[in-house]
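> Structure incoming, see below.
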Amino acid sequence: MNAIVINQMQSHDDSRSFRDMVVDRPAQPQHRDLLVRVHAISINPVDTKIRASMGSQPASEPPRILGWDAVGDVVEVGSEASLFHAGERVWYAGDITRQGSYAEYQLVDERIVGHAPASLDDAHAAAMPLTSLTAWEALFDKLGIEHDSHPATINPTSTQAIDTSQRQTLLVVGAAGGVGSMVIQLAHRLTTLRIIALASRDESQQWALDMGADEVVDYHEGNLARQIQALAPAGIDWIFSAYSKGNIELYNTVMKPFGEIVAIDDENDLDWYCLKDKALSWHWEFMFARAKHHAPDMIRQHEILDAVAELVDLGIIRSTLARQLGPVNAESIDKAHRMVKSGHMVGKVAISGTSPE
C-alpha cells in the first residue's frame with residue numbers, strides 16, 4: 001500500500017519531513033480490530049510534536065507512519081468485532097501507540113471508532129474526531145459539566161434564554177484552535193454556560209464568535225484579568241486551557257473559589273501552588289489515554305463519536321474545517337504540518353484525495 005512515512009534522511013526541521021513510500025499492507029485484523037481504507041485525514045498539533053520529538057530515524061528502523069484523525073470505509077473486521085461490518089463509513093482519532101492514518105489502510109480497535117456523519121464529506125468529517133473527543137472528555141468527563149444527553153431534542157437555531165447573570169461561566173483559552181472550537185460548540189449547544197473566549201487576531205475572534213462564544217477577550221488589549229473580571233465580576237466557574245504556560249496566576253485571579261481547570265497542553269514545569277488558596281482543581285485531559293492504557297471503558301470513545309455524528313447530522317454542531325489540501329501525499333502533509341506549527345491556524349486543516357496513478 002502507499003503510505004507517507006518519516007523521512008529517515010532528514011530532521012524534523014527540514015522542508016521535507018515526510019516521503020511517499022510503498023509499504024506492506026496491514027495484516028488481517030485480529031480480535032476487535034478493524035481494517036479501514038483511509039479516504040481523508042487531518043493534521044493536529046500532536047502530529048507535529050511527535051514528529052519533532054523523533055528527530056532523524058536510523059535507516060535500520062521500520063518506517064513510522066503518523067496520523068491521528070481519519071475517515072474511511074471498513075474493509076475487514078476481526079473475529080471479536082461486533083460494532084461494525086465491512087462497507088461501513090467510519091471516523092476515528094486512533095491510538096498513539098500504533099501506526100497512524102497517513103496511509104491507504106490502517107488497523108484500529110473498533111472501541112475507539114464511530115460511524116461517520118452522513119451529512120459531511122470526507123474532508124469535513126476528518127477534521128473532527130480528535131478534537132471532538134478531547135473537547136467532550138474535557139467538558140463532560142473531566143469537569144463533569146451537566147449537558148443535554150438527548151441531541152434530537154435540541155433546537156439547532158435556539159439561543160440560551162437563561163438570564164446571563166444566572167449562567168455559570170466557562171473561559172476558553174485557545175478558542176480558535178481545533179479543540180477550542182469544539183469546546184465552544186459543545187458548551188454552546190449542550191449546556192447553559194456563558195462562554196468567554198480568549199483570542200488575539202480579528203480572524204480568531206470572529207471564529208470564536210461564530211462557534212458560539214458569548215464574548216471574546218482580546219489578548220492584545222492587555223490586562224487580561226481586568227478584561228475578564230469586567231465580563232464575569234463574580235468569577236469564572238470553569239476554564240479550558242490549551243495554553244497554560246504563564247497563565248496560572250491569571251487563572252487564580254479570575255476564578256471563583258472551588259473552580260476547576262482542565263488543560264490539554266504539554267507544559268511540564270507549571271507552578272500550581274497559588275491555586276491552593278482558592279481550593280482550585282486542575283485536571284489533565286489526554287485523549288489517547290483510554291487506548292494507550294487499555295482502559296476498561298475504551299468503548300466510551302465509540303459512544304462519544306457516535307453522539308457527535310448525530311449532533312452533526314442534526315445540524316446542531318458543524319465541522320471546524322478551515323483549510324483543505326490534497327491529495328494525501330508527502331508534499332501535502334509537509335505543507336499541513338508547517339501550517340499547524342505556524343501558530344496562526346484557526347480551525348483545522350484536512351487532506352483528502354489520492355494521487356493520480
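Following the order of the C-alpha cells, first chain is A, next is B, and so on, with residues numbered from 1 inside each chain and ligands from 1 in the order they appear.
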I'd like to know which residues of region 19-209 of chain A are helix (DSSP H, G or I) (by DSSP, run on the backbone); could you write them as a PyMOL selection string?

chain A and resi 45-54+110-112+122-126+129-142+151-153+164-166+178-190+202-209

> Put those residues in a file: C-alpha atoms, as a PDB file, in the first residue's frame.


ATOM      1  CA  PRO A  45      -0.565  19.692  16.911  1.00  0.00           C
ATOM      2  CA  VAL A  46       0.168  16.218  18.294  1.00  0.00           C
ATOM      3  CA  ASP A  47       1.365  15.180  14.809  1.00  0.00           C
ATOM      4  CA  THR A  48       3.917  17.986  14.718  1.00  0.00           C
ATOM      5  CA  LYS A  49       5.033  17.403  18.325  1.00  0.00           C
ATOM      6  CA  ILE A  50       5.660  13.707  17.795  1.00  0.00           C
ATOM      7  CA  ARG A  51       7.493  14.393  14.536  1.00  0.00           C
ATOM      8  CA  ALA A  52       9.674  16.957  16.336  1.00  0.00           C
ATOM      9  CA  SER A  53      10.444  14.555  19.167  1.00  0.00           C
ATOM     10  CA  MET A  54      11.628  11.815  16.823  1.00  0.00           C
ATOM     11  CA  GLU A 110     -13.415  -0.711  16.983  1.00  0.00           C
ATOM     12  CA  ARG A 111     -13.962   0.596  20.531  1.00  0.00           C
ATOM     13  CA  ILE A 112     -12.388   3.925  19.584  1.00  0.00           C
ATOM     14  CA  ASP A 122     -14.628  13.057   3.909  1.00  0.00           C
ATOM     15  CA  ALA A 123     -12.507  16.171   4.475  1.00  0.00           C
ATOM     16  CA  HIS A 124     -15.056  17.934   6.692  1.00  0.00           C
ATOM     17  CA  ALA A 125     -15.533  14.769   8.729  1.00  0.00           C
ATOM     18  CA  ALA A 126     -11.801  14.071   9.066  1.00  0.00           C
ATOM     19  CA  PRO A 129     -12.650  13.159  15.623  1.00  0.00           C
ATOM     20  CA  LEU A 130      -9.622  14.027  17.780  1.00  0.00           C
ATOM     21  CA  THR A 131     -10.843  17.491  18.700  1.00  0.00           C
ATOM     22  CA  SER A 132     -14.392  16.299  19.381  1.00  0.00           C
ATOM     23  CA  LEU A 133     -13.190  13.521  21.668  1.00  0.00           C
ATOM     24  CA  THR A 134     -10.823  15.859  23.504  1.00  0.00           C
ATOM     25  CA  ALA A 135     -13.452  18.559  23.967  1.00  0.00           C
ATOM     26  CA  TRP A 136     -16.152  16.104  25.076  1.00  0.00           C
ATOM     27  CA  GLU A 137     -13.884  14.331  27.567  1.00  0.00           C
ATOM     28  CA  ALA A 138     -12.605  17.662  28.913  1.00  0.00           C
ATOM     29  CA  LEU A 139     -16.038  19.207  29.470  1.00  0.00           C
ATOM     30  CA  PHE A 140     -18.203  16.271  30.423  1.00  0.00           C
ATOM     31  CA  ASP A 141     -15.886  13.502  31.678  1.00  0.00           C
ATOM     32  CA  LYS A 142     -13.219  15.565  33.449  1.00  0.00           C
ATOM     33  CA  PRO A 151     -29.472  15.510  20.831  1.00  0.00           C
ATOM     34  CA  ALA A 152     -32.749  15.035  18.978  1.00  0.00           C
ATOM     35  CA  THR A 153     -34.485  17.414  21.413  1.00  0.00           C
ATOM     36  CA  THR A 164     -26.793  35.965  31.718  1.00  0.00           C
ATOM     37  CA  SER A 165     -26.422  36.736  35.412  1.00  0.00           C
ATOM     38  CA  GLN A 166     -27.743  33.261  36.274  1.00  0.00           C
ATOM     39  CA  GLY A 178      -9.275  22.842  16.732  1.00  0.00           C
ATOM     40  CA  VAL A 179     -10.099  21.711  20.268  1.00  0.00           C
ATOM     41  CA  GLY A 180     -11.150  25.165  21.442  1.00  0.00           C
ATOM     42  CA  SER A 181     -13.568  25.375  18.514  1.00  0.00           C
ATOM     43  CA  MET A 182     -15.230  22.134  19.592  1.00  0.00           C
ATOM     44  CA  VAL A 183     -15.258  23.109  23.276  1.00  0.00           C
ATOM     45  CA  ILE A 184     -17.164  26.261  22.381  1.00  0.00           C
ATOM     46  CA  GLN A 185     -19.639  24.456  20.128  1.00  0.00           C
ATOM     47  CA  LEU A 186     -20.406  21.673  22.617  1.00  0.00           C
ATOM     48  CA  ALA A 187     -20.731  24.107  25.521  1.00  0.00           C
ATOM     49  CA  HIS A 188     -22.906  26.458  23.459  1.00  0.00           C
ATOM     50  CA  ARG A 189     -25.267  23.780  22.169  1.00  0.00           C
ATOM     51  CA  LEU A 190     -25.418  21.246  25.007  1.00  0.00           C
ATOM     52  CA  ASP A 202      -9.536  39.604  14.344  1.00  0.00           C
ATOM     53  CA  GLU A 203      -9.909  36.352  12.411  1.00  0.00           C
ATOM     54  CA  SER A 204      -9.566  34.284  15.583  1.00  0.00           C
ATOM     55  CA  GLN A 205     -12.034  36.423  17.489  1.00  0.00           C
ATOM     56  CA  GLN A 206     -14.656  36.187  14.768  1.00  0.00           C
ATOM     57  CA  TRP A 207     -14.134  32.421  14.502  1.00  0.00           C
ATOM     58  CA  ALA A 208     -14.753  32.036  18.249  1.00  0.00           C
ATOM     59  CA  LEU A 209     -17.956  34.079  17.994  1.00  0.00           C
TER      60      LEU A 209
END

> Write down as a PyMOL selection string the residues belonging to region 69-174 of chain A that are assigned strand (DSSP E) by DSSP computed on the backbone.

chain A and resi 70-77+89-92+105-109+113-115+169-173

> Nearest to Ala3 (chain A): which of A:Ile43, A:Met287, A:Ile65, A:Val74 is it, counting only C-alpha atoms?

A:Ile65

> For Met21 (chain A), which residue out of A:Leu120, A:Leu143, A:Ala330, A:Ala213 is the nearest one, using only C-alpha atoms?

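For Met21 (chain A), the nearest of the candidates is A:Ala330.
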
> CA of His31 (chain A) and CA of Pro62 (chain A) are how many Å apart?

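Interatomic distance here is 24.1 Å.
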
> I want to know what sits within 8 Å of Ile264 (chain A), based on only C-alpha atoms, with residues of the same chain fewer than 2 positions away left out; could you give that as a ChimeraX atom specification?

/A:241-243,262,266,284-286

> Atoms to include: all heavy atoms. Write the selected residues as a PDB file, in the first residue's frame.


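Written file, selection-v2.pdb:
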ATOM      1  N   SER A 241      -8.059  25.133  29.127  1.00  0.00           N
ATOM      2  CA  SER A 241      -6.771  25.746  28.838  1.00  0.00           C
ATOM      3  C   SER A 241      -5.976  24.956  27.807  1.00  0.00           C
ATOM      4  O   SER A 241      -5.549  23.835  28.062  1.00  0.00           O
ATOM      5  CB  SER A 241      -5.945  25.870  30.128  1.00  0.00           C
ATOM      6  OG  SER A 241      -4.683  26.424  29.851  1.00  0.00           O
ATOM      7  N   ALA A 242      -5.776  25.563  26.644  1.00  0.00           N
ATOM      8  CA  ALA A 242      -4.870  24.992  25.642  1.00  0.00           C
ATOM      9  C   ALA A 242      -3.481  25.595  25.748  1.00  0.00           C
ATOM     10  O   ALA A 242      -2.538  25.078  25.148  1.00  0.00           O
ATOM     11  CB  ALA A 242      -5.431  25.223  24.241  1.00  0.00           C
ATOM     12  N   TYR A 243      -3.346  26.690  26.499  1.00  0.00           N
ATOM     13  CA  TYR A 243      -2.055  27.367  26.680  1.00  0.00           C
ATOM     14  C   TYR A 243      -1.931  27.768  28.146  1.00  0.00           C
ATOM     15  O   TYR A 243      -2.419  28.818  28.562  1.00  0.00           O
ATOM     16  CB  TYR A 243      -1.963  28.608  25.784  1.00  0.00           C
ATOM     17  CG  TYR A 243      -2.148  28.311  24.318  1.00  0.00           C
ATOM     18  CD1 TYR A 243      -3.362  28.574  23.691  1.00  0.00           C
ATOM     19  CD2 TYR A 243      -1.124  27.741  23.567  1.00  0.00           C
ATOM     20  CE1 TYR A 243      -3.536  28.295  22.336  1.00  0.00           C
ATOM     21  CE2 TYR A 243      -1.292  27.450  22.225  1.00  0.00           C
ATOM     22  CZ  TYR A 243      -2.508  27.728  21.618  1.00  0.00           C
ATOM     23  OH  TYR A 243      -2.680  27.436  20.301  1.00  0.00           O
ATOM     24  N   VAL A 262      -9.316  22.517  33.242  1.00  0.00           N
ATOM     25  CA  VAL A 262      -8.871  21.338  32.501  1.00  0.00           C
ATOM     26  C   VAL A 262      -7.916  21.810  31.412  1.00  0.00           C
ATOM     27  O   VAL A 262      -8.207  22.771  30.695  1.00  0.00           O
ATOM     28  CB  VAL A 262     -10.047  20.542  31.908  1.00  0.00           C
ATOM     29  CG1 VAL A 262     -10.869  21.351  30.920  1.00  0.00           C
ATOM     30  CG2 VAL A 262      -9.561  19.244  31.271  1.00  0.00           C
ATOM     31  N   ASP A 266       1.217  20.610  26.891  1.00  0.00           N
ATOM     32  CA  ASP A 266       2.285  19.713  27.316  1.00  0.00           C
ATOM     33  C   ASP A 266       3.300  20.377  28.233  1.00  0.00           C
ATOM     34  O   ASP A 266       4.446  19.937  28.306  1.00  0.00           O
ATOM     35  CB  ASP A 266       3.017  19.150  26.084  1.00  0.00           C
ATOM     36  CG  ASP A 266       2.123  18.261  25.248  1.00  0.00           C
ATOM     37  OD1 ASP A 266       1.373  17.471  25.838  1.00  0.00           O
ATOM     38  OD2 ASP A 266       2.165  18.369  24.016  1.00  0.00           O
ATOM     39  N   TRP A 284      -5.970  17.126  33.911  1.00  0.00           N
ATOM     40  CA  TRP A 284      -5.334  16.920  32.616  1.00  0.00           C
ATOM     41  C   TRP A 284      -6.284  16.118  31.731  1.00  0.00           C
ATOM     42  O   TRP A 284      -6.862  15.114  32.164  1.00  0.00           O
ATOM     43  CB  TRP A 284      -4.032  16.144  32.759  1.00  0.00           C
ATOM     44  CG  TRP A 284      -2.894  16.894  33.354  1.00  0.00           C
ATOM     45  CD1 TRP A 284      -2.275  16.653  34.550  1.00  0.00           C
ATOM     46  CD2 TRP A 284      -2.213  18.010  32.785  1.00  0.00           C
ATOM     47  NE1 TRP A 284      -1.256  17.539  34.761  1.00  0.00           N
ATOM     48  CE2 TRP A 284      -1.191  18.392  33.683  1.00  0.00           C
ATOM     49  CE3 TRP A 284      -2.363  18.744  31.599  1.00  0.00           C
ATOM     50  CZ2 TRP A 284      -0.340  19.458  33.446  1.00  0.00           C
ATOM     51  CZ3 TRP A 284      -1.504  19.806  31.359  1.00  0.00           C
ATOM     52  CH2 TRP A 284      -0.504  20.151  32.268  1.00  0.00           C
ATOM     53  N   GLU A 285      -6.432  16.560  30.496  1.00  0.00           N
ATOM     54  CA  GLU A 285      -7.167  15.785  29.501  1.00  0.00           C
ATOM     55  C   GLU A 285      -6.178  15.312  28.444  1.00  0.00           C
ATOM     56  O   GLU A 285      -5.430  16.100  27.858  1.00  0.00           O
ATOM     57  CB  GLU A 285      -8.266  16.627  28.849  1.00  0.00           C
ATOM     58  CG  GLU A 285      -8.761  16.129  27.500  1.00  0.00           C
ATOM     59  CD  GLU A 285      -9.291  14.697  27.501  1.00  0.00           C
ATOM     60  OE1 GLU A 285      -9.627  14.171  28.580  1.00  0.00           O
ATOM     61  OE2 GLU A 285      -9.361  14.098  26.426  1.00  0.00           O
ATOM     62  N   PHE A 286      -6.158  13.994  28.207  1.00  0.00           N
ATOM     63  CA  PHE A 286      -5.294  13.390  27.195  1.00  0.00           C
ATOM     64  C   PHE A 286      -6.128  12.360  26.456  1.00  0.00           C
ATOM     65  O   PHE A 286      -6.390  11.277  26.960  1.00  0.00           O
ATOM     66  CB  PHE A 286      -4.072  12.757  27.858  1.00  0.00           C
ATOM     67  CG  PHE A 286      -3.077  12.166  26.892  1.00  0.00           C
ATOM     68  CD1 PHE A 286      -2.594  12.890  25.821  1.00  0.00           C
ATOM     69  CD2 PHE A 286      -2.613  10.867  27.077  1.00  0.00           C
ATOM     70  CE1 PHE A 286      -1.672  12.350  24.942  1.00  0.00           C
ATOM     71  CE2 PHE A 286      -1.685  10.316  26.205  1.00  0.00           C
ATOM     72  CZ  PHE A 286      -1.217  11.058  25.135  1.00  0.00           C
TER      73      PHE A 286
END

> List the spatial neighbours of Pro233 (chain A) as a PDB file with N, CA, C and O atoms, in the first residue's frame - criterion: any atom at most 12 Å away, only C-alpha atoms, same-chain residues fewer than 6 positions off excluded.


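Below is the file that was written, result-v7.pdb:
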ATOM      1  N   SER A 165     -26.903  36.673  34.031  1.00  0.00           N
ATOM      2  CA  SER A 165     -26.422  36.736  35.412  1.00  0.00           C
ATOM      3  C   SER A 165     -26.607  35.416  36.147  1.00  0.00           C
ATOM      4  O   SER A 165     -25.990  35.189  37.192  1.00  0.00           O
ATOM      5  N   GLN A 168     -23.608  29.954  34.713  1.00  0.00           N
ATOM      6  CA  GLN A 168     -22.214  29.727  35.089  1.00  0.00           C
ATOM      7  C   GLN A 168     -21.324  29.995  33.873  1.00  0.00           C
ATOM      8  O   GLN A 168     -21.788  29.965  32.728  1.00  0.00           O
ATOM      9  N   THR A 169     -20.047  30.248  34.139  1.00  0.00           N
ATOM     10  CA  THR A 169     -19.173  30.770  33.093  1.00  0.00           C
ATOM     11  C   THR A 169     -18.007  29.830  32.806  1.00  0.00           C
ATOM     12  O   THR A 169     -17.363  29.320  33.718  1.00  0.00           O
ATOM     13  N   ALA A 225      -6.751  39.967  33.145  1.00  0.00           N
ATOM     14  CA  ALA A 225      -7.555  39.744  34.350  1.00  0.00           C
ATOM     15  C   ALA A 225      -8.650  40.794  34.469  1.00  0.00           C
ATOM     16  O   ALA A 225      -9.814  40.472  34.755  1.00  0.00           O
ATOM     17  N   ARG A 226      -8.293  42.051  34.234  1.00  0.00           N
ATOM     18  CA  ARG A 226      -9.293  43.115  34.346  1.00  0.00           C
ATOM     19  C   ARG A 226     -10.384  42.954  33.291  1.00  0.00           C
ATOM     20  O   ARG A 226     -11.574  43.162  33.571  1.00  0.00           O
ATOM     21  N   GLN A 227      -9.995  42.588  32.063  1.00  0.00           N
ATOM     22  CA  GLN A 227     -10.988  42.382  30.998  1.00  0.00           C
ATOM     23  C   GLN A 227     -11.954  41.260  31.356  1.00  0.00           C
ATOM     24  O   GLN A 227     -13.169  41.373  31.173  1.00  0.00           O
ATOM     25  N   THR A 253      -6.531  34.386  39.641  1.00  0.00           N
ATOM     26  CA  THR A 253      -7.131  35.710  39.879  1.00  0.00           C
ATOM     27  C   THR A 253      -8.594  35.760  39.457  1.00  0.00           C
ATOM     28  O   THR A 253      -9.430  36.335  40.165  1.00  0.00           O
ATOM     29  N   VAL A 254      -8.917  35.165  38.301  1.00  0.00           N
ATOM     30  CA  VAL A 254     -10.264  35.363  37.742  1.00  0.00           C
ATOM     31  C   VAL A 254     -11.273  34.306  38.171  1.00  0.00           C
ATOM     32  O   VAL A 254     -12.479  34.490  37.964  1.00  0.00           O
ATOM     33  N   MET A 255     -10.824  33.202  38.794  1.00  0.00           N
ATOM     34  CA  MET A 255     -11.748  32.112  39.107  1.00  0.00           C
ATOM     35  C   MET A 255     -12.433  32.295  40.454  1.00  0.00           C
ATOM     36  O   MET A 255     -11.904  32.932  41.366  1.00  0.00           O
ATOM     37  N   LYS A 256     -13.627  31.701  40.555  1.00  0.00           N
ATOM     38  CA  LYS A 256     -14.305  31.586  41.835  1.00  0.00           C
ATOM     39  C   LYS A 256     -13.582  30.552  42.707  1.00  0.00           C
ATOM     40  O   LYS A 256     -12.919  29.652  42.180  1.00  0.00           O
TER      41      LYS A 256
END

> Using only C-alpha atoms, which of the listed residues (A:Asp334, A:Asp95, A:Asp237, A:Asp218) sits closest to Tyr251 (chain A)?

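Using only C-alpha atoms, the shortest distance to Tyr251 (chain A) belongs to A:Asp237.
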